[in-house]
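Colleague: Quick one: the structure is below, questions incoming.
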Amino acid sequence: MTPVVLSTKLLNKDQKSCLQEAEFYLEEYNAITIDLLDFTLPQGFDHYIFTSKNGVKSYLQHLKVNALPPDPEKQCFCVGQKTKSFLEEHGLKVMKMAENALELANFITKHHQNEEFLIFTGNRNRPDLPNTFTRETIHFEEVEVYHTSLVPRQLEKGFAAILFYSPSGVESFTRKNNIGNTPVFCIGETTAKEARKHSEHVVVAEYPTVDSTIQALIYTLPTLLKQ
């Protein structure tokens with residue numbers, strides 16, 4: 001029987017093809033929705049921090065609405081390779097990319113103690129950056145630029161595995177469903193930390209990307225299903 005896997009995010013054509021070629025049947029839905037917000041951009045900061053691509057999208061939308069070009073002199077710090085690539089595609093200079101917010105906070109504390117930072121944040125962002133900066137007396141300001149909403153959906157069937165891409169996605173799924181003994185594949189350690197509240201069978205992708213999460217499932221799940 002073909003294993004049925006659930007993605008808590010709609011996948012693109014190539015990602016679906018990978019699962020199909022590996023002989024998995026995919027079911028998918030968006031467990032969360034993202035809304036970009038109108039916001040007032042605080043002035044006086046030369047160092048910007050983006051913890052996700054959504055923050056970059058909202059910043060670029062703000063520039064477009066106000067007919068402003070991206071400022072290549074701004075020094076950007078970010079979480080994740082996709083966020084870094086997206087910033088660079090739009091002419092912004094990335095000084096440091098980290099795998100997670102805590103790693104980025106520790107780097108800034110060590111190397112940029114006397115700088116001032118503007119953090120582009122969402123309503124459900126983890127407090128790692130502001131908590132670290134407050135403790136280390138690094139001057140910063142946060143501006144909320146996008147809103148994450150949970151979209152809980154009760155699912156009647158079981159799955160061979162579940163793919164999660166954010167802590168909010170885990171929270172949304174578990175509002176109306178139990179993970180039970182189903183293997184869970186997570187995009188990164190922050191998501192895995194939330195998933196471990198509900199499961200003892202959590203696998204973390206080698207790299208924090210959707211593609212890497214899918215590859216972790218393809219390589220690992222067949223062995224798990226034989227146990």
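Each chain in the structure tokens gets a letter, A, B and so on, in the order shown; residues start at 1 in every chain, and ligands are counted from 1 in the order they appear.
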Using only C-alpha atoms, which residues sit within 12 Å of stretch 81-88 of chain A once same-chain residues fewer than 4 positions away are excluded, as JSON, numbers by chain?

Modeller: {"A": [48, 49, 50, 51, 52, 53, 54, 55, 56, 57, 58, 59, 60, 70, 71, 72, 74, 75, 76, 77, 92, 93, 94, 95, 96, 97, 98, 99, 100, 207, 208, 209, 210, 211]}

Colleague: Go ahead and save the residues from that selection, with N, CA and C atoms, as an mmCIF file, in the first residue's frame.

Modeller:
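And here's again.cif as it stands now:
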data_model
loop_
_atom_site.group_PDB
_atom_site.id
_atom_site.type_symbol
_atom_site.label_atom_id
_atom_site.label_comp_id
_atom_site.auth_asym_id
_atom_site.auth_seq_id
_atom_site.Cartn_x
_atom_site.Cartn_y
_atom_site.Cartn_z
ATOM 1 N N TYR A 48 19.374 45.992 9.910
ATOM 2 C CA TYR A 48 18.055 45.363 9.894
ATOM 3 C C TYR A 48 18.187 43.864 10.172
ATOM 4 N N ILE A 49 17.207 43.313 10.895
ATOM 5 C CA ILE A 49 17.171 41.875 11.163
ATOM 6 C C ILE A 49 15.864 41.309 10.620
ATOM 7 N N PHE A 50 15.993 40.282 9.785
ATOM 8 C CA PHE A 50 14.835 39.572 9.234
ATOM 9 C C PHE A 50 14.920 38.108 9.669
ATOM 10 N N THR A 51 13.913 37.640 10.383
ATOM 11 C CA THR A 51 13.928 36.251 10.848
ATOM 12 C C THR A 51 13.197 35.317 9.892
ATOM 13 N N SER A 52 12.579 35.858 8.847
ATOM 14 C CA SER A 52 11.900 35.012 7.863
ATOM 15 C C SER A 52 11.725 35.780 6.562
ATOM 16 N N LYS A 53 11.418 35.020 5.515
ATOM 17 C CA LYS A 53 11.139 35.622 4.212
ATOM 18 C C LYS A 53 9.905 36.517 4.272
ATOM 19 N N ASN A 54 8.957 36.187 5.160
ATOM 20 C CA ASN A 54 7.737 36.990 5.273
ATOM 21 C C ASN A 54 8.053 38.420 5.699
ATOM 22 N N GLY A 55 9.025 38.574 6.588
ATOM 23 C CA GLY A 55 9.429 39.916 6.996
ATOM 24 C C GLY A 55 10.004 40.704 5.840
ATOM 25 N N VAL A 56 10.788 40.029 4.999
ATOM 26 C CA VAL A 56 11.359 40.692 3.826
ATOM 27 C C VAL A 56 10.258 41.093 2.856
ATOM 28 N N LYS A 57 9.314 40.190 2.633
ATOM 29 C CA LYS A 57 8.200 40.492 1.717
ATOM 30 C C LYS A 57 7.434 41.720 2.181
ATOM 31 N N SER A 58 7.181 41.806 3.485
ATOM 32 C CA SER A 58 6.430 42.948 3.999
ATOM 33 C C SER A 58 7.226 44.243 3.865
ATOM 34 N N TYR A 59 8.528 44.161 4.131
ATOM 35 C CA TYR A 59 9.395 45.335 3.981
ATOM 36 C C TYR A 59 9.408 45.805 2.529
ATOM 37 N N LEU A 60 9.530 44.873 1.593
ATOM 38 C CA LEU A 60 9.542 45.235 0.173
ATOM 39 C C LEU A 60 8.197 45.809 -0.260
ATOM 40 N N PRO A 70 14.924 49.906 -2.465
ATOM 41 C CA PRO A 70 15.691 49.301 -1.365
ATOM 42 C C PRO A 70 16.996 50.059 -1.157
ATOM 43 N N ASP A 71 17.379 50.251 0.084
ATOM 44 C CA ASP A 71 18.594 50.991 0.410
ATOM 45 C C ASP A 71 19.767 50.009 0.499
ATOM 46 N N PRO A 72 20.674 50.016 -0.463
ATOM 47 C CA PRO A 72 21.785 49.059 -0.460
ATOM 48 C C PRO A 72 22.774 49.299 0.668
ATOM 49 N N LYS A 74 21.878 49.625 3.821
ATOM 50 C CA LYS A 74 21.411 48.947 5.025
ATOM 51 C C LYS A 74 22.134 47.610 5.167
ATOM 52 N N GLN A 75 22.586 47.309 6.358
ATOM 53 C CA GLN A 75 23.257 46.046 6.616
ATOM 54 C C GLN A 75 22.246 45.076 7.220
ATOM 55 N N CYS A 76 22.000 43.991 6.514
ATOM 56 C CA CYS A 76 20.956 43.052 6.928
ATOM 57 C C CYS A 76 21.549 41.814 7.581
ATOM 58 N N PHE A 77 20.857 41.356 8.603
ATOM 59 C CA PHE A 77 21.169 40.112 9.290
ATOM 60 C C PHE A 77 19.903 39.260 9.206
ATOM 61 N N LEU A 92 19.776 43.922 -1.447
ATOM 62 C CA LEU A 92 20.114 44.239 -0.066
ATOM 63 C C LEU A 92 21.336 43.441 0.383
ATOM 64 N N LYS A 93 22.155 44.073 1.195
ATOM 65 C CA LYS A 93 23.424 43.494 1.615
ATOM 66 C C LYS A 93 23.226 42.663 2.889
ATOM 67 N N VAL A 94 23.594 41.391 2.835
ATOM 68 C CA VAL A 94 23.462 40.499 3.992
ATOM 69 C C VAL A 94 24.820 40.344 4.657
ATOM 70 N N MET A 95 24.904 40.800 5.886
ATOM 71 C CA MET A 95 26.160 40.731 6.630
ATOM 72 C C MET A 95 26.351 39.383 7.313
ATOM 73 N N LYS A 96 25.235 38.778 7.736
ATOM 74 C CA LYS A 96 25.326 37.494 8.440
ATOM 75 C C LYS A 96 24.010 36.748 8.296
ATOM 76 N N MET A 97 24.133 35.445 7.966
ATOM 77 C CA MET A 97 22.974 34.558 7.951
ATOM 78 C C MET A 97 23.204 33.479 8.994
ATOM 79 N N ALA A 98 22.200 33.203 9.821
ATOM 80 C CA ALA A 98 22.286 32.136 10.819
ATOM 81 C C ALA A 98 21.155 31.148 10.594
ATOM 82 N N GLU A 99 21.298 29.960 11.159
ATOM 83 C CA GLU A 99 20.291 28.920 10.984
ATOM 84 C C GLU A 99 19.053 29.152 11.836
ATOM 85 N N ASN A 100 19.205 29.887 12.937
ATOM 86 C CA ASN A 100 18.058 30.184 13.797
ATOM 87 C C ASN A 100 18.292 31.498 14.525
ATOM 88 N N TYR A 207 18.954 20.564 6.486
ATOM 89 C CA TYR A 207 18.985 22.006 6.252
ATOM 90 C C TYR A 207 17.580 22.561 6.453
ATOM 91 N N PRO A 208 17.457 23.820 6.902
ATOM 92 C CA PRO A 208 16.131 24.383 7.203
ATOM 93 C C PRO A 208 15.394 24.857 5.951
ATOM 94 N N THR A 209 15.096 23.917 5.055
ATOM 95 C CA THR A 209 14.348 24.227 3.844
ATOM 96 C C THR A 209 13.255 23.185 3.652
ATOM 97 N N VAL A 210 12.246 23.547 2.870
ATOM 98 C CA VAL A 210 11.175 22.602 2.569
ATOM 99 C C VAL A 210 11.736 21.399 1.809
ATOM 100 N N ASP A 211 12.616 21.644 0.846
ATOM 101 C CA ASP A 211 13.190 20.558 0.061
ATOM 102 C C ASP A 211 13.952 19.568 0.944
#

Colleague: Could you pull out all residues of stretch 47-221 of chain A with a DSSP call of strand (DSSP E or B) and give them as a VMD selection string?

Modeller: chain A and resid 47 to 50 75 to 79 93 to 98 116 to 122 139 to 150 161 to 164 184 to 186 202 to 204

Colleague: Rank A:Phe45, A:Tyr219, A:Thr33, A:Thr109 by their smallest atom-to-atom distance to A:Leu129, using only C-alpha atoms, and report the top residue only.

Modeller: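 Closest residue, counting only C-alpha atoms: A:Thr109.
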
Colleague: Quick one: pick out all helix (DSSP H, G or I) residues within stretch 38-168 of chain A from a backbone DSSP run and write them as a PyMOL selection string.

Modeller: chain A and resi 53-65+81-89+101-111+128-135+167-168

Colleague: Could you dump the residues just selected with C-alpha atoms as a compact mmCIF listing (two decimals), in the first residue's frame?

Modeller:
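This is the output file part.txt:
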# COMPACT_ATOMS: atom_id res chain seq x y z
CA LYS A 53 11.14 35.62 4.21
CA ASN A 54 7.74 36.99 5.27
CA GLY A 55 9.43 39.92 7.00
CA VAL A 56 11.36 40.69 3.83
CA LYS A 57 8.20 40.49 1.72
CA SER A 58 6.43 42.95 4.00
CA TYR A 59 9.39 45.34 3.98
CA LEU A 60 9.54 45.23 0.17
CA GLN A 61 5.79 45.81 -0.02
CA HIS A 62 6.22 48.84 2.24
CA LEU A 63 8.90 50.21 -0.08
CA LYS A 64 6.72 49.63 -3.14
CA VAL A 65 3.66 51.30 -1.63
CA GLN A 81 19.35 30.66 3.43
CA LYS A 82 16.08 31.40 1.61
CA THR A 83 15.72 34.68 3.50
CA LYS A 84 19.32 35.57 2.64
CA SER A 85 18.84 34.77 -1.05
CA PHE A 86 15.60 36.75 -1.18
CA LEU A 87 17.28 39.80 0.35
CA GLU A 88 20.18 39.62 -2.08
CA GLU A 89 17.83 39.19 -5.05
CA ALA A 101 17.31 33.32 15.78
CA LEU A 102 19.27 32.29 18.87
CA GLU A 103 22.40 31.63 16.82
CA LEU A 104 22.00 35.04 15.19
CA ALA A 105 21.47 36.74 18.55
CA ASN A 106 24.65 35.19 19.95
CA PHE A 107 26.66 36.26 16.87
CA ILE A 108 25.44 39.85 17.13
CA THR A 109 26.16 39.92 20.86
CA LYS A 110 29.74 38.83 20.19
CA HIS A 111 30.53 40.94 17.13
CA ASP A 128 15.07 34.72 21.43
CA LEU A 129 16.35 37.90 19.78
CA PRO A 130 14.70 40.53 22.00
CA ASN A 131 15.40 38.54 25.17
CA THR A 132 19.09 38.20 24.31
CA PHE A 133 19.44 41.83 23.26
CA THR A 134 17.73 43.04 26.43
CA ARG A 135 19.99 40.89 28.60
CA PRO A 167 6.04 25.92 15.37
CA SER A 168 2.77 27.64 14.43

Colleague: Using only C-alpha atoms, which protein or nucleic acid residues come within 9 Å of stretch 176-193 of chain A? Drop anything in the same chain fewer than 3 positions from it, and give the result as number ranges by chain.

Modeller: A: 99-100, 152-156, 158-170, 172-173, 196-214, 216-217, 221, 224

Colleague: Quick one: residues within 8 Å of A:Phe39, only C-alpha atoms counted, chain neighbours fewer than 3 positions away excluded, as number ranges by chain?

Modeller: A: 62, 143-145

Colleague: Show me, as a PyMOL selection string, the residues that have an atom within 8 Å of A:Glu27 when counting only C-alpha atoms, minus same-chain residues fewer than 2 positions from it.

Modeller: chain A and resi 4-7+25+29

Colleague: Let me make sure I understand: among A:Leu150, A:Leu118, A:Leu26, A:Leu11, which one has the smallest atom-to-atom distance to A:Gln43 if we use only C-alpha atoms?

Modeller: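 Ranking A:Leu150, A:Leu118, A:Leu26, A:Leu11 by distance to A:Gln43, first place goes to A:Leu118.
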
Colleague: Just how far from atom CA of A:Phe120 is atom CA of A:Asp38, in Å to one decimal?

Modeller: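 Between atom CA of A:Asp38 and atom CA of A:Phe120 the gap is 12.4 Å.
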
Colleague: For A:Arg175, which residue among A:Val79, A:Gly91, A:Ala31, A:His139 is the nearest when counting only C-alpha atoms?

Modeller: A:Ala31
